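Asker: Just data-v3.csv, nothing more (CSV, C-alpha atoms):
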```csv
chain,number,residue,atom,x,y,z
A,1,MET,CA,-14.2,-48.5,96.3
A,2,THR,CA,-12.6,-51.6,95.1
A,3,TYR,CA,-9.1,-52.3,96.3
A,4,LEU,CA,-6.7,-54.6,94.4
A,5,SER,CA,-4.8,-57.1,96.5
A,6,ARG,CA,-1.0,-56.7,96.4
A,7,ARG,CA,-0.9,-60.1,94.7
A,8,SER,CA,-3.3,-59.0,92.0
A,9,PHE,CA,-1.4,-55.7,91.5
A,10,LEU,CA,2.0,-57.3,91.2
A,11,SER,CA,0.6,-59.9,88.9
A,12,GLY,CA,-1.0,-57.2,86.7
A,13,SER,CA,2.2,-55.1,86.8
A,14,ALA,CA,4.2,-58.1,85.7
A,15,CYS,CA,1.9,-58.6,82.8
A,16,PHE,CA,2.1,-54.9,81.9
A,17,ALA,CA,5.9,-55.0,82.2
A,18,SER,CA,6.0,-58.1,80.0
A,19,VAL,CA,3.9,-56.3,77.3
A,20,VAL,CA,6.2,-53.2,77.5
A,21,VAL,CA,9.4,-55.3,77.3
A,22,SER,CA,7.9,-57.3,74.5
A,23,GLY,CA,6.9,-54.2,72.7
A,24,CYS,CA,10.4,-52.7,73.1
A,25,ALA,CA,12.0,-56.0,71.9
A,26,SER,CA,9.7,-56.0,68.9
A,27,ASP,CA,10.4,-52.4,68.0
A,28,LYS,CA,14.2,-53.0,68.4
A,29,ALA,CA,14.0,-56.1,66.2
A,30,GLN,CA,12.4,-54.0,63.4
A,31,ILE,CA,15.2,-51.4,63.4
A,32,LYS,CA,17.7,-52.5,60.8
A,33,PRO,CA,20.9,-50.5,60.0
A,34,VAL,CA,20.9,-48.9,56.6
A,35,PRO,CA,23.5,-50.6,54.3
A,36,TYR,CA,26.2,-48.2,53.2
A,37,SER,CA,25.1,-48.8,49.6
A,38,GLU,CA,21.7,-47.2,50.5
A,39,ASP,CA,23.1,-44.4,52.6
A,40,PRO,CA,22.2,-41.0,51.0
A,41,ALA,CA,25.7,-39.7,51.8
A,42,TYR,CA,27.4,-42.4,49.9
A,43,ILE,CA,24.9,-42.4,47.1
A,44,SER,CA,25.6,-38.7,46.7
A,45,MET,CA,29.4,-39.2,46.9
A,46,TYR,CA,29.3,-41.8,44.1
A,47,GLY,CA,26.5,-40.3,42.1
A,48,ALA,CA,26.5,-39.3,38.4
A,49,MET,CA,28.8,-36.4,37.4
A,50,PRO,CA,27.1,-34.9,34.4
A,51,THR,CA,29.3,-31.8,34.2
A,52,GLU,CA,32.5,-33.8,33.5
A,53,ARG,CA,34.1,-33.5,30.1
A,54,PHE,CA,32.8,-37.1,29.6
A,55,PRO,CA,29.7,-37.3,31.8
A,56,LEU,CA,30.2,-40.1,34.4
A,57,PRO,CA,27.4,-42.4,35.4
A,58,ALA,CA,26.6,-43.2,39.0
A,59,ILE,CA,28.4,-46.2,40.6
A,60,ASN,CA,26.3,-49.2,41.6
A,61,LEU,CA,27.6,-49.4,45.1
A,62,LYS,CA,26.1,-52.9,45.6
A,63,LYS,CA,28.9,-54.1,43.3
A,64,VAL,CA,31.7,-52.6,45.6
A,65,PRO,CA,32.4,-54.0,49.1
A,66,GLU,CA,31.6,-51.3,51.7
A,67,ARG,CA,35.1,-51.3,53.1
A,68,PHE,CA,36.4,-49.8,49.9
A,69,TYR,CA,34.1,-46.7,50.0
A,70,ARG,CA,36.0,-43.5,50.5
A,71,GLN,CA,36.1,-42.4,54.2
A,72,GLN,CA,38.3,-40.6,56.7
A,73,VAL,CA,39.9,-43.0,59.2
A,74,ASP,CA,42.3,-43.1,62.1
A,75,TYR,CA,45.8,-43.7,60.8
A,76,ASN,CA,48.9,-43.7,62.8
A,77,THR,CA,52.0,-43.5,60.6
A,78,PRO,CA,55.4,-42.0,60.6
A,79,GLU,CA,54.8,-40.6,57.1
A,80,LYS,CA,54.4,-36.8,56.9
A,81,VAL,CA,51.1,-35.1,56.2
A,82,GLY,CA,50.3,-35.1,52.4
A,83,THR,CA,52.0,-38.5,51.7
A,84,LEU,CA,50.2,-41.1,49.7
A,85,VAL,CA,50.5,-44.6,51.1
A,86,VAL,CA,49.4,-47.6,49.0
A,87,ASP,CA,48.7,-50.7,51.2
A,88,THR,CA,49.0,-53.5,48.7
A,89,GLN,CA,48.0,-56.2,51.2
A,90,ASN,CA,44.6,-54.7,52.0
A,91,PHE,CA,43.9,-52.8,48.7
A,92,TYR,CA,43.8,-49.3,50.3
A,93,LEU,CA,45.3,-46.0,49.4
A,94,TYR,CA,45.8,-43.5,52.2
A,95,LEU,CA,46.3,-39.8,52.0
A,96,VAL,CA,47.9,-38.9,55.3
A,97,GLN,CA,46.2,-36.0,57.1
A,98,GLU,CA,46.8,-34.2,60.4
A,99,ASN,CA,46.0,-35.5,63.8
A,100,LYS,CA,46.6,-39.1,63.0
A,101,LYS,CA,43.9,-39.2,60.3
A,102,ALA,CA,43.9,-40.2,56.7
A,103,MET,CA,41.5,-40.2,53.8
A,104,ARG,CA,41.2,-43.8,52.7
A,105,TYR,CA,40.3,-45.1,49.2
A,106,GLY,CA,39.7,-48.6,47.9
A,107,VAL,CA,42.0,-49.6,45.0
A,108,GLY,CA,42.7,-52.2,42.5
A,109,LEU,CA,46.2,-53.4,42.0
A,110,GLY,CA,48.5,-55.1,39.5
A,111,ARG,CA,48.2,-58.8,38.8
A,112,ALA,CA,50.9,-61.1,40.2
A,113,GLY,CA,54.1,-60.5,38.4
A,114,PHE,CA,53.3,-56.9,37.5
A,115,GLU,CA,53.4,-55.3,41.0
A,116,TRP,CA,55.6,-52.3,41.8
A,117,SER,CA,56.7,-51.0,45.2
A,118,GLY,CA,58.9,-48.3,46.5
A,119,ARG,CA,59.1,-44.6,47.3
A,120,ALA,CA,58.5,-42.0,44.6
A,121,ARG,CA,56.6,-38.7,43.9
A,122,ILE,CA,53.7,-37.5,41.9
A,123,ALA,CA,55.4,-35.6,39.1
A,124,ARG,CA,52.3,-34.8,36.9
A,125,LYS,CA,48.6,-34.8,37.0
A,126,THR,CA,46.2,-34.9,34.1
A,127,GLU,CA,42.4,-34.6,33.7
A,128,TRP,CA,41.0,-37.1,31.2
A,129,PRO,CA,44.4,-38.4,30.1
A,130,LYS,CA,45.4,-40.2,26.9
A,131,TRP,CA,46.6,-43.8,27.5
A,132,THR,CA,49.8,-45.0,25.9
A,133,PRO,CA,50.6,-48.6,26.7
A,134,PRO,CA,54.3,-49.3,27.3
A,135,GLU,CA,56.3,-51.3,24.8
A,136,GLU,CA,56.5,-54.3,27.2
A,137,MET,CA,52.7,-54.5,27.3
A,138,ILE,CA,52.4,-54.2,23.5
A,139,GLU,CA,54.8,-57.1,23.2
A,140,ARG,CA,52.5,-59.2,25.4
A,141,GLU,CA,49.4,-57.9,23.7
A,142,PRO,CA,50.2,-56.9,20.1
A,143,GLU,CA,46.6,-55.7,19.5
A,144,LEU,CA,47.5,-52.7,21.6
A,145,GLU,CA,49.9,-51.4,19.0
A,146,LYS,CA,47.1,-49.2,17.6
A,147,TRP,CA,47.4,-47.2,20.9
A,148,SER,CA,51.2,-47.0,20.9
A,149,TRP,CA,53.0,-43.6,21.2
A,150,ARG,CA,53.8,-44.0,17.5
A,151,ASN,CA,50.1,-43.9,16.8
A,152,GLY,CA,49.3,-41.1,19.2
A,153,GLY,CA,47.9,-43.2,22.1
A,154,MET,CA,44.3,-43.8,23.1
A,155,PRO,CA,42.2,-40.6,23.3
A,156,PRO,CA,40.5,-39.8,26.6
A,157,GLY,CA,37.0,-41.0,27.3
A,158,LEU,CA,34.9,-43.4,29.3
A,159,GLU,CA,36.6,-46.4,27.6
A,160,ASN,CA,40.1,-45.2,28.3
A,161,PRO,CA,41.8,-47.4,30.9
A,162,LEU,CA,43.1,-44.4,32.8
A,163,GLY,CA,39.6,-43.1,33.5
A,164,ALA,CA,38.8,-39.5,34.5
A,165,ARG,CA,42.2,-38.5,36.1
A,166,ALA,CA,45.8,-39.8,36.3
A,167,LEU,CA,48.6,-39.0,38.7
A,168,TYR,CA,52.0,-40.0,37.3
A,169,ILE,CA,54.6,-41.6,39.5
A,170,PHE,CA,58.3,-40.7,39.1
A,171,GLN,CA,61.4,-41.7,40.9
A,172,GLY,CA,63.7,-38.8,40.6
A,173,ASN,CA,63.4,-37.7,36.9
A,174,ARG,CA,62.5,-41.2,35.8
A,175,ASP,CA,59.0,-42.1,34.9
A,176,THR,CA,58.1,-45.5,36.5
A,177,LEU,CA,55.3,-45.9,34.0
A,178,TYR,CA,52.9,-46.5,36.9
A,179,ARG,CA,49.9,-44.4,37.6
A,180,LEU,CA,47.2,-43.6,40.1
A,181,HIS,CA,44.2,-43.5,37.8
A,182,GLY,CA,40.5,-43.9,37.5
A,183,THR,CA,38.5,-46.8,36.2
A,184,ALA,CA,35.0,-47.4,34.9
A,185,GLU,CA,35.3,-51.0,36.0
A,186,TYR,CA,34.6,-50.1,39.6
A,187,TRP,CA,33.6,-53.7,40.5
A,188,THR,CA,37.3,-54.6,40.2
A,189,ILE,CA,38.2,-52.5,43.2
A,190,GLY,CA,39.8,-54.7,45.9
A,191,THR,CA,41.2,-57.1,43.4
A,192,ALA,CA,44.5,-57.6,41.5
A,193,VAL,CA,43.6,-57.1,37.8
A,194,SER,CA,45.5,-54.2,36.3
A,195,SER,CA,49.0,-54.3,34.8
A,196,GLY,CA,50.8,-52.7,37.6
A,197,CYS,CA,48.9,-49.4,38.1
A,198,VAL,CA,46.8,-48.4,41.1
A,199,ARG,CA,43.2,-47.9,40.0
A,200,LEU,CA,40.4,-46.1,41.9
A,201,MET,CA,36.8,-45.5,41.1
A,202,ASN,CA,36.4,-42.5,38.9
A,203,GLN,CA,34.6,-40.5,41.6
A,204,ASP,CA,37.5,-41.3,44.0
A,205,ILE,CA,40.3,-40.4,41.7
A,206,ILE,CA,38.6,-37.0,41.0
A,207,ASP,CA,38.4,-36.4,44.8
A,208,LEU,CA,42.0,-37.4,45.2
A,209,PHE,CA,43.1,-35.3,42.3
A,210,GLY,CA,41.8,-32.2,44.0
A,211,ARG,CA,43.6,-33.0,47.2
A,212,VAL,CA,47.1,-33.9,46.0
A,213,PRO,CA,49.5,-31.3,44.6
A,214,VAL,CA,52.3,-32.2,42.2
A,215,GLY,CA,55.4,-33.2,44.1
A,216,SER,CA,53.6,-35.1,46.7
A,217,PRO,CA,55.5,-38.2,48.0
A,218,ILE,CA,54.1,-41.6,47.5
A,219,VAL,CA,55.0,-44.9,49.2
A,220,VAL,CA,53.8,-48.2,47.6
A,221,LEU,CA,54.3,-50.9,50.3
A,222,SER,CA,55.4,-54.4,49.1
```
What's the structure tokens form of this structure?

Answerer:
Amino acid sequence: MTYLSRRSFLSGSACFASVVVSGCASDKAQIKPVPYSEDPAYISMYGAMPTERFPLPAINLKKVPERFYRQQVDYNTPEKVGTLVVDTQNFYLYLVQENKKAMRYGVGLGRAGFEWSGRARIARKTEWPKWTPPEEMIEREPELEKWSWRNGGMPPGLENPLGARALYIFQGNRDTLYRLHGTAEYWTIGTAVSSGCVRLMNQDIIDLFGRVPVGSPIVVLS
């Protein structure tokens, strides 16, 4: 029988340990987190919606920053459950839920000079709405006259600026002319591009539409 000296055993063990550690480090280095844009859950969430009145294509999530994907988050606020809160500084819309939670959506907001803020309510909801530009917008962009209320507005569809759904914001009985609405230009989420309204990806506005009843309060933070 051949006996290994303690020195040889320890030396061999050290080499074996080194191999094991190296192997673990190598395996660990090969494990890479899956980007949200490739996560099956998000791919499904923002996938095509062929059964819509106007079938919606899938969203290319690589064109939208991950932080603007729909998700439930911790949210400590004095606002009551069911309130919509638009965080204009961070381009988020929160739907306040129970237990200090909220459903958070990424949004696009009005360009500088066209922002609106305050407290109001959702007075009406519409699936695949018409779009009627306000007179002030037509004055700035006369080519929009063809879609004025006098001409019946722009019919619903994938090219309509209000997208798949619209929630109409009123203060008392007065229409503020601002909306929560969908957009096909999902790459603009997280930027200030629209003329005052709060825009969401079409898949997100459809989700929000199903969660928010008429009469829900909304707070747009300045």

Asker: Using all atoms listed in the file, determine which residues lie at most 9 Å from range 96-106 of chain A, disregarding the query and same-chain residues fewer than 3 positions distant; provide the list as number ranges by chain.

Answerer: A: 67-77, 79-85, 90-93, 189-190, 199-201, 204-205, 208

Asker: Residues near Lys130 in chain A, anyone? I mean within 6 Å using all atoms listed in the file, not counting same-chain ones fewer than 6 positions away, as an mmCIF file with C-alpha atoms, keeping the file's coordinate frame.

Answerer:
```cif
data_model
loop_
_atom_site.group_PDB
_atom_site.id
_atom_site.type_symbol
_atom_site.label_atom_id
_atom_site.label_comp_id
_atom_site.auth_asym_id
_atom_site.auth_seq_id
_atom_site.Cartn_x
_atom_site.Cartn_y
_atom_site.Cartn_z
ATOM 1 C CA MET A 154 44.300 -43.800 23.100
ATOM 2 C CA PRO A 155 42.200 -40.600 23.300
ATOM 3 C CA PRO A 156 40.500 -39.800 26.600
#
```

Asker: What does the structure give for the distance between CA of Trp128 in chain A and CA of Ile206 in chain A, in Å to one decimal?

Answerer: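 Computing it gives 10.1 Å between the two atoms.
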
Asker: Give the answer as one residue: which of A:Thr183, A:Asn160, A:Ser117, A:Gln203 has the shortest atom-to-atom distance to Ile218 in chain A, using all atoms listed in the file?

Answerer: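 For Ile218 in chain A, the nearest of the given residues is A:Ser117.
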
Asker: As an exercise, work out the distance from CA of Ala120 in chain A to CA of Trp149 in chain A in Å and give it to one decimal place.

Answerer: 24.1 Å

Asker: Work out how far CA of Glu115 in chain A is from CA of Gly196 in chain A, in Å to one decimal.

Answerer: 5.0 Å

Asker: Which residue out of A:Gly157, A:Leu162, A:Gly110, A:Gly118 has the minimum interatomic distance to Val193 in chain A when all atoms listed in the file are used?

Answerer: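 Ranking A:Gly157, A:Leu162, A:Gly110, A:Gly118 by distance to Val193 in chain A, first place goes to A:Gly110.
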
Asker: Please tell me which residues are no farther than 9 Å from (53.8, -56.3, 30.5) in the file, counting all atoms listed in the file, and write them as a list in words.

Answerer: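 Nearby residues: Gly113, Phe114, Pro134, Glu135, Glu136, Met137, Ile138, Glu139, Arg140, Glu141, Ser195 and Gly196 of chain A.
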
Asker: A:Ala123, A:Val107, A:Ala41, A:Val214: which is nearest Tyr168 in chain A, counting all atoms listed in the file?

Answerer: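 Closest residue, counting all atoms listed in the file: A:Ala123.
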
Asker: If we count all atoms listed in the file and set the cut-off at 6 Å, which residues sit around Leu180 in chain A, ignoring sequence neighbours fewer than 5 positions away in its own chain? Please answer as a PDB file with C-alpha atoms, in the frame of the given file.

Answerer:
```pdb
ATOM      1  CA  ALA A 166      45.800 -39.800  36.300  1.00  0.00           C
ATOM      2  CA  LEU A 167      48.600 -39.000  38.700  1.00  0.00           C
ATOM      3  CA  VAL A 198      46.800 -48.400  41.100  1.00  0.00           C
ATOM      4  CA  ARG A 199      43.200 -47.900  40.000  1.00  0.00           C
TER       5      ARG A 199
END
```

Asker: If we count only C-alpha atoms, what is near Arg121 in chain A at a cut-off of 8 Å, once residues fewer than 6 positions away on the same chain are taken out, given as a list of chain:residue names?

Answerer: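 Using only C-alpha atoms, the neighbours found are A:Ile169, A:Phe170, A:Gln171, A:Gly172, A:Val214, A:Gly215, A:Ser216, A:Pro217, A:Ile218.
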
Asker: Pick out the closest residue to Ile122 in chain A from this set: A:Val34, A:His181, A:Lys62, A:Ala192. Count only C-alpha atoms.

Answerer: A:His181

Asker: Do you know which residues lie at most 6 Å from (38.6, -47.0, 35.0), with coordinates as in the file and all atoms listed in the file counted, and could you write them as a compact mmCIF listing (two decimals) with C-alpha atoms, keeping the file's coordinate frame?

Answerer:
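This went into selection.txt:
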```txt
# COMPACT_ATOMS: atom_id res chain seq x y z
CA PRO A 161 41.80 -47.40 30.90
CA LEU A 162 43.10 -44.40 32.80
CA GLY A 163 39.60 -43.10 33.50
CA GLY A 182 40.50 -43.90 37.50
CA THR A 183 38.50 -46.80 36.20
CA ALA A 184 35.00 -47.40 34.90
CA GLU A 185 35.30 -51.00 36.00
```
